[in-house]
Amino acid sequence: PFWGSKLVQDMPLEIVMQHVHKPELFRLSWGAKNIQGDEWRKLEAEFEQRLARMTREALRDRTLDPSAIYGYFPANSDGDDLIIWDHETLQQSGQRVERARFSFPRQPSGEYLCLSDYFAPASGEAVDVCQLQVVTVGEVATEAFEKLQGADNYSEAYFFHGLAVQAAESVANYMTQHVTRELGLADGRGKRYSWGYPACPDLEDHTVVWDLMPRVATELHISLTDSFQ
């Protein structure tokens, strides 16, 4: 693959929305977690209508603007660590010069795996590929939410916020499918991990991602909070 990062804009929102995971949207983001039976079936029908309406409105008003930065980086494992090599030096001279390093925790039981185990070891000749991505539904989503809040339309703001969160997740799923095709991987192969979960819990690693893909800040205008969110 190409080394470095790419900007992906003008994603078709209507296709991105097809990747929305409705159980998470309805039950987690829209608050129907513990509703069951006939009450759930009635509410689910209402939510389906709401989702269709809000999708039409987002397409019309451009209140969701999906885009992403993604990149491929040469990498190898070193025990529990994943080393990212400087791709320019690797291309020019074939030498492996460390540019960044991630450390992942190992499972306390079972297979005792960690994420670095899925990459070729640094002791071998093969250089592996690490794919990173940062996605967004745009500053327009924040602006639309704040406008609803400012108009005291709290109920619609609540539903829009939930939709925006799940739409961003859908962009990540959309990009994962894009990368799978670009790398020529079989359907269903590969997994997407996000920092903050047990396999890679250290949110401070986001600063490494931002360093590897500075266009996240300059072109997507995404910054990190003091807690590295």
# chains A, B, ... in the order shown; residues from 1 in each chain; ligands from 1
>>> residues_around(residues="A:Thr63", least_positions_apart="5", cutoff="10 Å", atoms="only C-alpha atoms", output="VMD selection string")
chain A and resid 54 to 55 57 to 58 137 to 145 160 164
>>> write_last_selection(atoms="N, CA and C atoms", output="PDB file, in the first residue's frame")
ATOM      1  N   MET A  54     -34.861  11.972  10.267  1.00  0.00           N
ATOM      2  CA  MET A  54     -33.647  12.700  10.612  1.00  0.00           C
ATOM      3  C   MET A  54     -32.560  12.502   9.552  1.00  0.00           C
ATOM      4  N   THR A  55     -32.552  11.351   8.908  1.00  0.00           N
ATOM      5  CA  THR A  55     -31.595  11.131   7.823  1.00  0.00           C
ATOM      6  C   THR A  55     -31.911  12.042   6.650  1.00  0.00           C
ATOM      7  N   GLU A  57     -33.430  14.902   6.798  1.00  0.00           N
ATOM      8  CA  GLU A  57     -33.108  16.269   7.217  1.00  0.00           C
ATOM      9  C   GLU A  57     -31.598  16.511   7.188  1.00  0.00           C
ATOM     10  N   ALA A  58     -30.812  15.524   7.608  1.00  0.00           N
ATOM     11  CA  ALA A  58     -29.356  15.671   7.593  1.00  0.00           C
ATOM     12  C   ALA A  58     -28.837  15.797   6.162  1.00  0.00           C
ATOM     13  N   VAL A 137     -17.953  13.397  11.870  1.00  0.00           N
ATOM     14  CA  VAL A 137     -19.115  13.840  11.098  1.00  0.00           C
ATOM     15  C   VAL A 137     -19.147  15.367  11.040  1.00  0.00           C
ATOM     16  N   GLY A 138     -18.029  15.989  11.362  1.00  0.00           N
ATOM     17  CA  GLY A 138     -17.850  17.400  11.072  1.00  0.00           C
ATOM     18  C   GLY A 138     -18.275  18.360  12.163  1.00  0.00           C
ATOM     19  N   GLU A 139     -17.690  19.551  12.083  1.00  0.00           N
ATOM     20  CA  GLU A 139     -18.066  20.623  13.006  1.00  0.00           C
ATOM     21  C   GLU A 139     -19.525  21.029  12.828  1.00  0.00           C
ATOM     22  N   VAL A 140     -20.071  20.780  11.637  1.00  0.00           N
ATOM     23  CA  VAL A 140     -21.471  21.147  11.389  1.00  0.00           C
ATOM     24  C   VAL A 140     -22.399  20.390  12.334  1.00  0.00           C
ATOM     25  N   ALA A 141     -22.016  19.171  12.734  1.00  0.00           N
ATOM     26  CA  ALA A 141     -22.852  18.398  13.658  1.00  0.00           C
ATOM     27  C   ALA A 141     -22.893  19.070  15.031  1.00  0.00           C
ATOM     28  N   THR A 142     -21.733  19.547  15.493  1.00  0.00           N
ATOM     29  CA  THR A 142     -21.688  20.272  16.765  1.00  0.00           C
ATOM     30  C   THR A 142     -22.524  21.541  16.686  1.00  0.00           C
ATOM     31  N   GLU A 143     -22.405  22.241  15.573  1.00  0.00           N
ATOM     32  CA  GLU A 143     -23.156  23.489  15.392  1.00  0.00           C
ATOM     33  C   GLU A 143     -24.660  23.229  15.385  1.00  0.00           C
ATOM     34  N   ALA A 144     -25.074  22.146  14.717  1.00  0.00           N
ATOM     35  CA  ALA A 144     -26.502  21.816  14.662  1.00  0.00           C
ATOM     36  C   ALA A 144     -27.030  21.454  16.051  1.00  0.00           C
ATOM     37  N   PHE A 145     -26.241  20.707  16.809  1.00  0.00           N
ATOM     38  CA  PHE A 145     -26.630  20.336  18.167  1.00  0.00           C
ATOM     39  C   PHE A 145     -26.761  21.577  19.043  1.00  0.00           C
ATOM     40  N   PHE A 160     -30.627  14.106  18.140  1.00  0.00           N
ATOM     41  CA  PHE A 160     -29.614  14.430  17.132  1.00  0.00           C
ATOM     42  C   PHE A 160     -28.216  14.075  17.628  1.00  0.00           C
ATOM     43  N   ALA A 164     -25.679  11.594  15.765  1.00  0.00           N
ATOM     44  CA  ALA A 164     -24.350  12.029  15.338  1.00  0.00           C
ATOM     45  C   ALA A 164     -23.269  11.076  15.860  1.00  0.00           C
TER      46      ALA A 164
END
>>> select_by_dssp(residues="stretch 50-79 of chain A", states="strand (DSSP E)", output="ChimeraX atom specification")
/A:67-78
>>> residues_around(residues="A:Trp210", least_positions_apart="2", cutoff="12 Å", atoms="only C-alpha atoms", output="ChimeraX atom specification")
/A:5,69-71,100,132-134,203-208,212-224,228-229
>>> write_last_selection(atoms="C-alpha atoms", output="PDB file, in the first residue's frame")
ATOM      1  CA  SER A   5      -2.022   9.302   5.280  1.00  0.00           C
ATOM      2  CA  ILE A  69      -8.015  10.652   7.624  1.00  0.00           C
ATOM      3  CA  TYR A  70      -6.505   7.207   7.299  1.00  0.00           C
ATOM      4  CA  GLY A  71      -3.032   5.900   6.705  1.00  0.00           C
ATOM      5  CA  ALA A 100       6.789   5.719  17.093  1.00  0.00           C
ATOM      6  CA  LEU A 132      -4.758   3.961  11.494  1.00  0.00           C
ATOM      7  CA  GLN A 133      -7.820   6.129  11.011  1.00  0.00           C
ATOM      8  CA  VAL A 134      -9.577   9.108  12.568  1.00  0.00           C
ATOM      9  CA  LEU A 203      -5.818   7.144  25.617  1.00  0.00           C
ATOM     10  CA  GLU A 204      -2.555   9.083  25.658  1.00  0.00           C
ATOM     11  CA  ASP A 205      -1.587   7.011  22.589  1.00  0.00           C
ATOM     12  CA  HIS A 206      -3.919   9.318  20.663  1.00  0.00           C
ATOM     13  CA  THR A 207      -1.091  11.866  20.733  1.00  0.00           C
ATOM     14  CA  VAL A 208       1.057   9.375  18.789  1.00  0.00           C
ATOM     15  CA  LEU A 212       1.718  10.230  12.700  1.00  0.00           C
ATOM     16  CA  MET A 213      -1.212  11.891  10.920  1.00  0.00           C
ATOM     17  CA  PRO A 214      -0.953  15.661  11.512  1.00  0.00           C
ATOM     18  CA  ARG A 215      -3.624  16.289   8.876  1.00  0.00           C
ATOM     19  CA  VAL A 216      -6.162  15.230  11.517  1.00  0.00           C
ATOM     20  CA  ALA A 217      -5.628  18.612  13.164  1.00  0.00           C
ATOM     21  CA  THR A 218      -4.955  20.724  10.082  1.00  0.00           C
ATOM     22  CA  GLU A 219      -7.620  19.321   7.739  1.00  0.00           C
ATOM     23  CA  LEU A 220     -10.233  17.624   9.914  1.00  0.00           C
ATOM     24  CA  HIS A 221      -9.810  20.228  12.702  1.00  0.00           C
ATOM     25  CA  ILE A 222     -10.023  17.559  15.405  1.00  0.00           C
ATOM     26  CA  SER A 223      -8.146  18.245  18.628  1.00  0.00           C
ATOM     27  CA  LEU A 224      -7.612  16.205  21.785  1.00  0.00           C
ATOM     28  CA  PHE A 228      -6.721  12.707  25.453  1.00  0.00           C
ATOM     29  CA  GLN A 229     -10.277  12.052  24.269  1.00  0.00           C
TER      30      GLN A 229
END
>>> closest_residue(among="A:His161, A:Val8, A:Glu146, A:Cys200", to="A:Asp80", atoms="only C-alpha atoms")
A:Cys200
>>> residues_around(residues="A:Gln95", least_positions_apart="4", cutoff="12 Å", atoms="only C-alpha atoms", output="ChimeraX atom specification")
/A:74,85-91,125,127
>>> residues_around(residues="A:Arg189", least_positions_apart="5", cutoff="12 Å", atoms="only C-alpha atoms", output="PyMOL selection string")
chain A and resi 176-177+179-181+183-184
>>> residues_around(residues="A:Ala172", least_positions_apart="6", cutoff="10 Å", atoms="only C-alpha atoms", output="JSON, numbers by chain")
{"A": [16, 19, 66, 67, 68, 133, 134, 135, 136, 166, 178, 192]}
>>> write_last_selection(atoms="N, CA and C atoms", output="PDB file, in the first residue's frame")
ATOM      1  N   VAL A  16     -23.169   6.030   4.156  1.00  0.00           N
ATOM      2  CA  VAL A  16     -22.654   5.959   5.521  1.00  0.00           C
ATOM      3  C   VAL A  16     -23.769   5.585   6.491  1.00  0.00           C
ATOM      4  N   HIS A  19     -24.653   2.061   7.409  1.00  0.00           N
ATOM      5  CA  HIS A  19     -23.793   1.350   8.348  1.00  0.00           C
ATOM      6  C   HIS A  19     -24.178   1.613   9.807  1.00  0.00           C
ATOM      7  N   PRO A  66     -19.613  13.545   6.925  1.00  0.00           N
ATOM      8  CA  PRO A  66     -18.640  12.485   7.202  1.00  0.00           C
ATOM      9  C   PRO A  66     -17.352  12.646   6.411  1.00  0.00           C
ATOM     10  N   SER A  67     -16.233  12.508   7.109  1.00  0.00           N
ATOM     11  CA  SER A  67     -14.921  12.529   6.460  1.00  0.00           C
ATOM     12  C   SER A  67     -13.935  11.817   7.379  1.00  0.00           C
ATOM     13  N   ALA A  68     -12.749  11.545   6.844  1.00  0.00           N
ATOM     14  CA  ALA A  68     -11.780  10.756   7.606  1.00  0.00           C
ATOM     15  C   ALA A  68     -10.370  11.021   7.107  1.00  0.00           C
ATOM     16  N   GLN A 133      -6.820   5.237  11.581  1.00  0.00           N
ATOM     17  CA  GLN A 133      -7.820   6.129  11.011  1.00  0.00           C
ATOM     18  C   GLN A 133      -8.443   6.994  12.102  1.00  0.00           C
ATOM     19  N   VAL A 134      -8.828   8.190  11.714  1.00  0.00           N
ATOM     20  CA  VAL A 134      -9.577   9.108  12.568  1.00  0.00           C
ATOM     21  C   VAL A 134     -10.754   9.603  11.740  1.00  0.00           C
ATOM     22  N   VAL A 135     -11.960   9.515  12.302  1.00  0.00           N
ATOM     23  CA  VAL A 135     -13.156   9.861  11.536  1.00  0.00           C
ATOM     24  C   VAL A 135     -13.959  10.928  12.269  1.00  0.00           C
ATOM     25  N   THR A 136     -14.843  11.585  11.518  1.00  0.00           N
ATOM     26  CA  THR A 136     -15.670  12.646  12.090  1.00  0.00           C
ATOM     27  C   THR A 136     -16.944  12.799  11.272  1.00  0.00           C
ATOM     28  N   GLN A 166     -23.589   7.864  16.603  1.00  0.00           N
ATOM     29  CA  GLN A 166     -23.650   6.603  15.868  1.00  0.00           C
ATOM     30  C   GLN A 166     -23.272   6.792  14.400  1.00  0.00           C
ATOM     31  N   HIS A 178     -13.645   0.077   3.408  1.00  0.00           N
ATOM     32  CA  HIS A 178     -12.818   0.669   2.352  1.00  0.00           C
ATOM     33  C   HIS A 178     -11.399   0.126   2.414  1.00  0.00           C
ATOM     34  N   ARG A 192     -11.368  -3.984  14.003  1.00  0.00           N
ATOM     35  CA  ARG A 192     -11.057  -2.581  14.283  1.00  0.00           C
ATOM     36  C   ARG A 192     -11.049  -2.378  15.792  1.00  0.00           C
TER      37      ARG A 192
END
>>> closest_residue(among="A:Gln92, A:Thr225, A:Gln131, A:Gln9", to="A:Lys191", atoms="only C-alpha atoms")
A:Gln131
>>> atom_distance(atom1="atom CA of A:Ser77", atom2="atom CA of A:Val97")
13.7 Å
>>> residues_around(residues="A:Leu25", least_positions_apart="2", cutoff="12 Å", atoms="only C-alpha atoms", output="PyMOL selection string")
chain A and resi 17+19-23+27-33+44+47-48+50-51+158-170
